[in-house]
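In what follows, a structure is listed as structure tokens, so that the remarks can point back to it.
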Amino acid sequence: MVATELGLCLAKLGHSIHFVADNIPFRLTDLAVGSERVFFHEVQSMVYPLFNTPLTTLAEASKLTEVLEEYRIDIIHAHYAVPHATAALMAKDIIKTCNVCKLPAVVTTLHGTDVTLVGLDKAYLRTTQYAIEKSDIVTAVSDYLANYTREHMGVKRQIKVIPNAIDSERFKPDPPDSNAKLRLRYAHPDEKLLIHISNFRAVKRTSDVVKVFAKVSEQLGARLIMIGDGPERQRCFELVQELQLGGRVSFLGSFPNVEKILAVADLFLLTSSQESFGLVALEAMSSGLPVIASKIGGIPEVVTDGETGFLHALGDVDSMAASALKLLSDKALYQNFSQAARQRAVNVFNERQIVPLYVAAYEEALDSLAVQLS
């Protein structure tokens, strides 16, 4: 999502953007790809009986090399250290043998699990360290992640912190009653509508979301929307039945236009055990939703505790439910939090503030490359 939105913003500024991936990003529309400045290149790989898994890094490096040769690319922006930065560095080395090709700079952005989970696995530690150290510029989406990378991976180099951005015109509150029909699909007029969006992995602790909602619904009329899919979805569904919440919780699966649902909801729940930033919390805030979340990782850099939402210890569903009830039961307090959430998203994380930081990082990477070549 971050890579796609950033690329489209850069295209609007006049840059030519080439997306290289094994599938077209779901936020990259056919219309965007058909424009003069946005291109998509599919990475193809083969399954060979000698190997247990596809050779992803090699396939990416080969496709990147083709793109570099054909389009004389200035910057490769790799989102995730492994495997994408590794493939970018390999392609950069390959292109050195081409006398008529331009040598690109490599910018790597760390998003979270590439460092906190995959990168720390002994099977990938040294290659992750190599990818980070050899990139021309490295950025991270939060201070938490930058510090974590230096502390746990033994990385010595500078890591620039550039937070995720939000399209505040796409994610914005609906005027009162402007989309009443959509809201009525999920909640009665006198009920509060809570929402959670994730990929339903274990680190999202989606069962805690259900438990928080169960406690809230004991005190006031409320409904819950669960958007996304993943390994924990069935477990959540079973918990809903166990807690006799059937009919009050809607599982929508993958839902591309989440901004429409966020705009009609009242409160966002995020109970994760690990979040390097919390982009979905930012999308909720931009939509005017206060956020109830775990006080972990980079979330405190996004959600201001006591102003745009409430942060609680991991797994403390009682306190989370109490904070949710506090907000949903006090109209004036809710409005203050809703307005503060929207203002923070617009003033701190708007694309107009964040995209120039990436442009500056690109320019610095090119300057660094020029020094290396001189």
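Simple scheme: letters A, B, ... for chains in structure tokens order, numbers from 1 for residues in each chain, numbers from 1 for ligands in the order shown.
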Any idea what's packed within 12 Å of A:Ala165, counting only C-alpha atoms, ignoring anything in its chain fewer than 6 positions away? Could you give it as a ChimeraX atom specification? /A:1-7,9,141-142,171,277-283,286,302,344-358
Write down as a PyMOL selection string the residues of stretch 225-292 of chain A whose backbone DSSP state falls under strand (DSSP E or B). chain A and resi 225-227+249-253+267-270+291-292
Could the residues of stretch 107-205 of chain A that have an atom at most 8 Å from stretch 89-103 of chain A be listed as a tab-separated table, each with its closest atom pair and the distance in Å to one decimal, counting only C-alpha atoms and ordered by chain and ascending residue number?
```
residue	atom	partner	partner_atom	distance
A:Ala131	CA	A:Leu89	CA	7.3
A:Lys134	CA	A:Leu89	CA	7.7
A:Ser135	CA	A:Leu89	CA	7.3
```
Write the residues of the preceding selection, restricted to all heavy atoms, as a short mmCIF file (atom, residue, chain, number, x, y, z; two decimals), in the first residue's frame.
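Written output follows (part33.cif):
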```cif
data_model
loop_
_atom_site.label_atom_id
_atom_site.label_comp_id
_atom_site.auth_asym_id
_atom_site.auth_seq_id
_atom_site.Cartn_x
_atom_site.Cartn_y
_atom_site.Cartn_z
N ALA A 131 22.05 -6.28 3.07
CA ALA A 131 21.16 -5.43 2.27
C ALA A 131 21.04 -4.04 2.88
O ALA A 131 21.03 -3.03 2.15
CB ALA A 131 19.79 -6.08 2.15
N LYS A 134 24.58 -2.08 2.60
CA LYS A 134 25.04 -1.77 1.25
C LYS A 134 24.10 -0.84 0.47
O LYS A 134 24.49 -0.32 -0.58
CB LYS A 134 25.24 -3.07 0.46
CG LYS A 134 26.42 -3.91 0.94
CD LYS A 134 27.74 -3.16 0.78
CE LYS A 134 28.93 -4.01 1.20
NZ LYS A 134 30.21 -3.28 1.03
N SER A 135 22.90 -0.64 0.95
CA SER A 135 22.01 0.30 0.28
C SER A 135 22.56 1.72 0.37
O SER A 135 23.24 2.07 1.34
CB SER A 135 20.61 0.26 0.92
OG SER A 135 20.03 -1.02 0.78
#
```
Write out as a CSV table (one decimal) with N, CA, C and O atoms, in the first residue's frame each polymer residue whose atoms come within 7 Å of stretch 21-23 of chain A, counting only C-alpha atoms; drop sequence neighbours fewer than 4 positions from it.
```csv
chain,number,residue,atom,x,y,z
A,41,HIS,N,5.8,-4.1,-14.1
A,41,HIS,CA,6.6,-5.2,-14.7
A,41,HIS,C,6.5,-6.4,-13.8
A,41,HIS,O,6.8,-6.4,-12.6
A,42,GLU,N,6.0,-7.5,-14.3
A,42,GLU,CA,5.7,-8.7,-13.5
A,42,GLU,C,6.9,-9.6,-13.4
A,42,GLU,O,7.6,-9.9,-14.4
A,43,VAL,N,7.2,-10.0,-12.2
A,43,VAL,CA,8.3,-10.9,-11.9
A,43,VAL,C,7.8,-12.3,-12.0
A,43,VAL,O,6.8,-12.7,-11.4
A,44,GLN,N,8.4,-13.1,-12.9
A,44,GLN,CA,8.0,-14.4,-13.1
A,44,GLN,C,9.0,-15.4,-12.6
A,44,GLN,O,10.2,-15.1,-12.6
```
With a distance cut-off of 10 Å and only C-alpha atoms, select the neighbouring residues of A:Phe237, excluding the residue or stretch itself and same-chain residues fewer than 2 positions from it, and output the selection as a list of chain:residue names. A:Ser207, A:Val210, A:Met226, A:Glu232, A:Arg233, A:Gln234, A:Arg235, A:Leu239, A:Val240, A:Gln241, A:Glu242, A:Leu245, A:Gly246, A:Val249, A:Ser250, A:Phe251
Take the residues that were just selected and, keeping all heavy atoms, output them as a compact mmCIF listing (two decimals), in the first residue's frame.
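The resulting file, result.txt, is shown below:
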```txt
# COMPACT_ATOMS: atom_id res chain seq x y z
N SER A 207 -8.48 -11.98 18.18
CA SER A 207 -9.40 -12.47 19.20
C SER A 207 -9.61 -11.43 20.29
O SER A 207 -10.71 -11.32 20.86
CB SER A 207 -8.87 -13.78 19.82
OG SER A 207 -8.90 -14.83 18.88
N VAL A 210 -12.37 -9.06 19.34
CA VAL A 210 -13.69 -9.60 19.63
C VAL A 210 -14.00 -9.50 21.12
O VAL A 210 -15.13 -9.15 21.52
CB VAL A 210 -13.78 -11.07 19.16
CG1 VAL A 210 -15.13 -11.67 19.54
CG2 VAL A 210 -13.57 -11.16 17.65
N MET A 226 -15.30 -6.57 10.93
CA MET A 226 -13.95 -7.13 10.82
C MET A 226 -13.62 -7.24 9.34
O MET A 226 -14.25 -8.03 8.62
CB MET A 226 -13.88 -8.49 11.49
CG MET A 226 -14.28 -8.53 12.96
SD MET A 226 -12.96 -7.96 14.05
CE MET A 226 -11.95 -9.44 14.18
N GLU A 232 -6.14 -16.36 11.20
CA GLU A 232 -6.87 -16.25 12.46
C GLU A 232 -8.36 -15.94 12.29
O GLU A 232 -9.10 -15.85 13.27
CB GLU A 232 -6.23 -15.16 13.34
CG GLU A 232 -4.84 -15.48 13.82
CD GLU A 232 -4.83 -16.66 14.79
OE1 GLU A 232 -5.60 -16.64 15.76
OE2 GLU A 232 -4.04 -17.60 14.56
N ARG A 233 -8.80 -15.80 11.05
CA ARG A 233 -10.18 -15.39 10.85
C ARG A 233 -11.17 -16.45 11.36
O ARG A 233 -12.16 -16.12 12.01
CB ARG A 233 -10.43 -15.11 9.37
CG ARG A 233 -11.87 -14.65 9.11
CD ARG A 233 -12.12 -14.35 7.66
NE ARG A 233 -13.54 -14.07 7.43
CZ ARG A 233 -14.07 -13.79 6.26
NH1 ARG A 233 -13.29 -13.70 5.21
NH2 ARG A 233 -15.36 -13.58 6.15
N GLN A 234 -10.91 -17.70 11.07
CA GLN A 234 -11.82 -18.75 11.51
C GLN A 234 -11.90 -18.80 13.03
O GLN A 234 -12.98 -18.99 13.61
CB GLN A 234 -11.38 -20.11 10.95
CG GLN A 234 -12.29 -21.27 11.33
CD GLN A 234 -13.72 -21.10 10.84
OE1 GLN A 234 -13.95 -20.50 9.79
NE2 GLN A 234 -14.68 -21.66 11.57
N ARG A 235 -10.78 -18.63 13.69
CA ARG A 235 -10.76 -18.63 15.15
C ARG A 235 -11.62 -17.49 15.70
O ARG A 235 -12.34 -17.66 16.68
CB ARG A 235 -9.32 -18.51 15.64
CG ARG A 235 -9.16 -18.58 17.15
CD ARG A 235 -7.70 -18.46 17.53
NE ARG A 235 -7.53 -18.41 18.98
CZ ARG A 235 -6.37 -18.15 19.57
NH1 ARG A 235 -5.29 -17.94 18.85
NH2 ARG A 235 -6.29 -18.12 20.89
N LEU A 239 -15.01 -17.65 18.01
CA LEU A 239 -15.11 -16.91 19.27
C LEU A 239 -16.39 -16.07 19.30
O LEU A 239 -17.05 -15.96 20.34
CB LEU A 239 -13.88 -16.03 19.48
CG LEU A 239 -13.83 -15.22 20.77
CD1 LEU A 239 -13.88 -16.14 21.99
CD2 LEU A 239 -12.57 -14.34 20.81
N VAL A 240 -16.72 -15.48 18.16
CA VAL A 240 -17.97 -14.71 18.07
C VAL A 240 -19.16 -15.59 18.41
O VAL A 240 -20.07 -15.19 19.16
CB VAL A 240 -18.11 -14.10 16.66
CG1 VAL A 240 -19.54 -13.59 16.44
CG2 VAL A 240 -17.12 -12.96 16.47
N GLN A 241 -19.18 -16.81 17.90
CA GLN A 241 -20.28 -17.72 18.18
C GLN A 241 -20.26 -18.13 19.65
O GLN A 241 -21.32 -18.20 20.31
CB GLN A 241 -20.17 -18.97 17.29
CG GLN A 241 -20.14 -18.68 15.79
CD GLN A 241 -21.26 -17.78 15.32
OE1 GLN A 241 -22.43 -18.01 15.63
NE2 GLN A 241 -20.91 -16.74 14.57
N GLU A 242 -19.08 -18.39 20.17
CA GLU A 242 -18.95 -18.80 21.57
C GLU A 242 -19.45 -17.73 22.53
O GLU A 242 -20.07 -18.02 23.55
CB GLU A 242 -17.48 -19.13 21.85
CG GLU A 242 -17.18 -19.55 23.28
CD GLU A 242 -15.69 -19.75 23.51
OE1 GLU A 242 -14.99 -20.16 22.55
OE2 GLU A 242 -15.22 -19.48 24.63
N LEU A 245 -22.27 -13.56 20.00
CA LEU A 245 -22.27 -12.25 19.34
C LEU A 245 -22.72 -12.37 17.88
O LEU A 245 -22.62 -11.41 17.13
CB LEU A 245 -20.87 -11.63 19.40
CG LEU A 245 -20.33 -11.30 20.79
CD1 LEU A 245 -18.86 -10.90 20.71
CD2 LEU A 245 -21.15 -10.19 21.43
N GLY A 246 -23.18 -13.56 17.49
CA GLY A 246 -23.62 -13.73 16.12
C GLY A 246 -24.69 -12.73 15.74
O GLY A 246 -25.61 -12.46 16.51
N VAL A 249 -21.57 -9.05 14.63
CA VAL A 249 -20.22 -8.92 14.06
C VAL A 249 -20.29 -9.32 12.59
O VAL A 249 -20.78 -10.39 12.25
CB VAL A 249 -19.21 -9.81 14.80
CG1 VAL A 249 -17.82 -9.66 14.18
CG2 VAL A 249 -19.17 -9.48 16.29
N SER A 250 -19.78 -8.44 11.72
CA SER A 250 -19.76 -8.70 10.28
C SER A 250 -18.32 -8.94 9.82
O SER A 250 -17.44 -8.10 10.05
CB SER A 250 -20.35 -7.52 9.50
OG SER A 250 -21.69 -7.28 9.86
N PHE A 251 -18.07 -10.08 9.18
CA PHE A 251 -16.77 -10.38 8.60
C PHE A 251 -16.87 -10.10 7.10
O PHE A 251 -17.57 -10.80 6.37
CB PHE A 251 -16.41 -11.85 8.83
CG PHE A 251 -16.07 -12.17 10.27
CD1 PHE A 251 -17.08 -12.53 11.15
CD2 PHE A 251 -14.77 -12.13 10.72
CE1 PHE A 251 -16.80 -12.84 12.47
CE2 PHE A 251 -14.47 -12.43 12.04
CZ PHE A 251 -15.49 -12.78 12.93
```
Within 7 Å of A:Ile76, counting only C-alpha atoms, which residues qualify if same-chain residues fewer than 6 places away don't, as a list in words?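 Close residues of A:Ile76: Ala88, Pro104, Ala105, Val106 and Val107 of chain A.
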Selection: 9 Å around stretch 189-206 of chain A, only C-alpha atoms, excl. self and same-chain fewer than 3 positions, as a VMD selection string: chain A and resid 180 183 to 184 186 209 to 211 213 220 to 233 235 to 236 254 258 261 to 262 264 to 275 280 315 328
Quick one: of A:Ala11, A:Leu311, A:Val82, A:Leu366, who's nearest to A:Gly112, counting only C-alpha atoms?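 Nearest candidate to A:Gly112 out of A:Ala11, A:Leu311, A:Val82, A:Leu366: A:Val82.
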Distance in Å - atom CA of A:Ala361 versus atom CA of A:Tyr148: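 The value is 20.8 Å.
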